[in-house]
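Okay, structure first, notes after.
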Amino acid sequence: MAALLLITWLVYHPGLSGNFLFDDYFNLTALGATGPVHDWPSFLRYITSGKADPTGRPLTMLTFLLNAQDWPANPYWFKVTNVLLHLLNGALLCCAMRALGTQAGLDKTHAGTAALLGAAFWLLHPLFVSTTLYIVQREAMLPATFTFCGLLCWCVGRRRFDEGRSGSGRWWLLAGGWLCTALATLCKANGILLPLLIAAAECTILRSREAKTEDAGSRSLHRARRWVLGIPLVALVAVLIGEIPSSIHAAAAYRPWTIGQRLLTEPRVLMDYLRLLWVPRATSFGLFNDQVRASVDVLHPWTTLPCILAIVALIVGAWLLRTRYRFVAFAILFYFGGQLLESGLLPLELAFEHRNYLPAAFMFWPLAIWLTAAGGFRVIRIAFVLLALTGLSMLTYARATVWGDEVRQALIWGKINPHSGRAQALAAMAEAAMGDPGHAIKRLQNAAVGNPSDVQLTLNLASIECKAGMFVPSTWQRVLYSLRHTRENSSLLLNWFAEIIPLVANHDCNGLSLNMLQQAVAAARANPKFGYPGPRQNFDHIAGLLALAMHQPELALQQFDDALAASPNHDTALEQAATLGASGYPVEGLQHLDFAQTQTPRMKPALGMPMAHVWVLQQQHYWQHETARLRATLEADAARRANDGATAPAARHEPARED
């Protein structure tokens, strides 16, 4: 095990020099959102600020404090922690396999050897590089940690029942079935699947041995198992049923597909996952899933029906053969059980490699058991093991090396994902940053031909062209068309406008004017997808920024007021008031604060951590303090401007650094 962990560390080491990516910025910026996390009040604000699911994933957020207490931060130590966590998970998986194998009747030597080999296949598999070195996916790694702990506790509890110590055995079962489930769920919502995964073991590898005995101990174990697993499984079914209405609504509002189409598509995605697991490669689609096309029906695309039938055959076959081929059946049921949430009804992105991290944990265990069993062809089996581990190590090392070089990574991802707008936009930005705007422009122009409604392509094309002084009118027509037809979230557009408006106002973007940007806002408003309060607020905010760039403070104030009225919240009010002050209009900033006091949030925070976060802020009077501090700054700027007639100093809203 020590040698295995050392080898795994060495093959991952080249990836430690990589940078933050994509969702890292969305999640990790919470470390400095209200100032550094340096005392109890700031800790409470941070730990309750998670938005990813109802739990807020507080245990995962807690581990990020091991690496930084403020933002921006150094990505190196985050990645080191992720790799160390991957090593810990490998050791725990080995222990869980050994315990399960022993409980299933394997002799200790065979169970231990097979467990070590099964863990090695998993630890060194290249598919999990995109989980381990993608910092934010610690959220996918920690549920695996507590799942393996839960399986270990379950095996200890079963052994206690075998020894006649049913009292302590019940406590161990509760620790595995309830405590570890709670801890895993506080890392990510799919931790709630742990009882289902334990049930998969009970129905397969642990079932046949128990069936041989019918004494008082086995009856006591049966009763304890029924209650410990039954209650959380009923809760899981209730949660899944309760999510159906909100999932349907969310998919209609934010996704280019329906929930029905997602359910038809996921079998294709799962079969692609299985291909990547059993035929590993140095490259894969990585973080890019926008090129996955949803299935319209069972015949379009044609692979939909065969993949559905294949998944059904695997699950039904595993169930029917769970006694004869119990380890294979367990691996199959564990895999599909682990995929139930993220590849089911929830309106998440259609595909992500990190969703295999936990479900595939026991995927190669049956192979390891066969390779380490007594019998013939020993030399051939040993040679296969050495060749397989060497090949996996080389592939993982190659992939980790790419993750350690963000420019090379962007270009490779662009090459292997030709139909992904996100991948092409990232590659083009890398080329432009390297001083090669010509290739970046050509890349985006070619990609936009097949994806004319992809705003990531058209907006980045416009930005690169105008910064390079190569802007052409046809590009602007592409921008307007994509804004009218895109299905992307409006926050992407908000970020682009916030970046491009200052460049255009300062005449640093040849070929674009503020009037053209107003046309772009009008085109986006005409998109029926953006008829909800959130997008309306974003476009009113953008219109306010444009008015400020055109030195129209009254119009900017009206637009900001409209944006705030669409969806009142303290953060937006303070940001907009500070923007007015920073632009030299502190009086208008004060007026916006006065308007904000007349607005009452119409949306209640969601149950769970969002509600807890609102309560913490209320108890700390956080928004009152921030508003008073910003108001004092704006009043001082307004008074100074009135006294000397000079342009007021920029009033900016920065979170309080001290309470």
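So you can find residues: chains in the structure tokens are A, B, ... in the order shown, residues in each start at 1, and ligands are numbered from 1 in order.
Every protein, DNA or RNA residue with an atom at most 7 Å from A:Asp562, where only C-alpha atoms count and chain neighbours fewer than 4 positions away do not, is listed here: Asp540, Gln558 and Ala566 of chain A.
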Could you pull out the residues in stretch 539-653 of chain A that DSSP calls helix (DSSP H, G or I) from the backbone, as a PyMOL selection string? chain A and resi 539-549+553-566+570-582+586-597+609-619+622-644
Point-to-point distance from atom CA of A:Tyr357 to atom CA of A:Ala201, Å rounded to tenths: 18.2 Å
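The nearest approach to A:Leu494 among the residues A:Ser420, A:Asn538, A:Asn451, A:Thr60, with only C-alpha atoms taken into account, belongs to A:Asn538.
Across the structure, atom CA of A:Met363 and atom CA of A:Phe330 are spaced 8.9 Å apart.
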Report, in Å with one decimal, the straight-line distance from atom CA of A:Val11 to atom CA of A:Ala120. 12.7 Å
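For A:Leu395, the set of protein, DNA and RNA residues having any atom at most 7 Å away, when counting only C-alpha atoms and skipping those fewer than 5 positions along the same chain, is Pro126, Arg281 and Ala282 of chain A.
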Kindly export the residues of the current selection with C-alpha atoms, as a tab-separated table (two decimals), in the first residue's frame.
chain	number	residue	atom	x	y	z
A	126	PRO	CA	-6.64	8.40	-15.66
A	281	ARG	CA	-7.11	6.96	-22.64
A	282	ALA	CA	-4.72	9.80	-21.99
Residues at most 8 Å from stretch 607-616 of chain A, counting only C-alpha atoms, excluding those fewer than 4 positions away in the same chain, as a PyMOL selection string? chain A and resi 44-45+48-51+54-56+620
Could you check the closest approach to A:Ala250 for each of A:Leu117, A:Leu92, A:Ala99, A:Leu348 and tell me which residue wins, using only C-alpha atoms? A:Leu348
Write out as a tab-separated table a residue-level contact list of stretch 124-181 of chain A versus stretch 263-277 of chain A with cut-off 12 Å: for each qualifying residue the closest pair of atoms and the distance in Å to one decimal, counting only C-alpha atoms, rows sorted by chain and residue number upward.
residue	atom	partner	partner_atom	distance
A:Leu124	CA	A:Leu277	CA	11.5
A:His125	CA	A:Leu277	CA	7.9
A:Pro126	CA	A:Leu277	CA	8.8
A:Leu127	CA	A:Leu277	CA	7.0
A:Phe128	CA	A:Leu277	CA	9.7
Generate a file of the selected residues that holds C-alpha atoms, formatted as an mmCIF file, in the first residue's frame.
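That gives us selection_8.cif:
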data_model
loop_
_atom_site.group_PDB
_atom_site.id
_atom_site.type_symbol
_atom_site.label_atom_id
_atom_site.label_comp_id
_atom_site.auth_asym_id
_atom_site.auth_seq_id
_atom_site.Cartn_x
_atom_site.Cartn_y
_atom_site.Cartn_z
ATOM 1 C CA LEU A 124 -4.211 5.032 -10.954
ATOM 2 C CA HIS A 125 -7.087 5.324 -13.426
ATOM 3 C CA PRO A 126 -6.644 8.402 -15.662
ATOM 4 C CA LEU A 127 -10.367 9.220 -15.724
ATOM 5 C CA PHE A 128 -10.147 10.537 -12.160
#
Might you pull out every residue within 12 Å of A:Pro75, with only C-alpha atoms counted and same-chain residues fewer than 2 positions away left off, and present them as number ranges by chain? A: 15-21, 24-25, 28, 64, 67-68, 71-73, 77-82, 133-136, 404
For A:Leu287, work out the shell of residues within 10 Å, counting only C-alpha atoms and skipping chain neighbours fewer than 3 positions away, then give it as a ChimeraX atom specification. /A:21-22,130-131,134,284,290,351-354,413,422-423
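With only C-alpha atoms as the atoms that count, the residue of A:Ser343, A:Asn417, A:Asn495, A:Gln445 with the shortest distance to A:Phe285 is A:Asn417.
Proximity ranking of A:Ala360, A:Ala596, A:Leu514, A:Leu392 relative to A:Leu548 places A:Leu514 first, based on only C-alpha atoms.
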12 Å contact set for A:Arg223, only C-alpha atoms, chain neighbours under 4 positions out, as a ChimeraX atom specification: /A:161,166,170,173,216-219,227-230
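Remark: for A:Arg160, the closest of the candidate residues A:Gln69, A:Asp107, A:Met550, A:Leu221 is A:Leu221 (distances computed over only C-alpha atoms).
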A:Val379, A:Ile231, A:Ala96, A:Ala119: which is nearest A:Leu174, counting only C-alpha atoms? A:Ile231
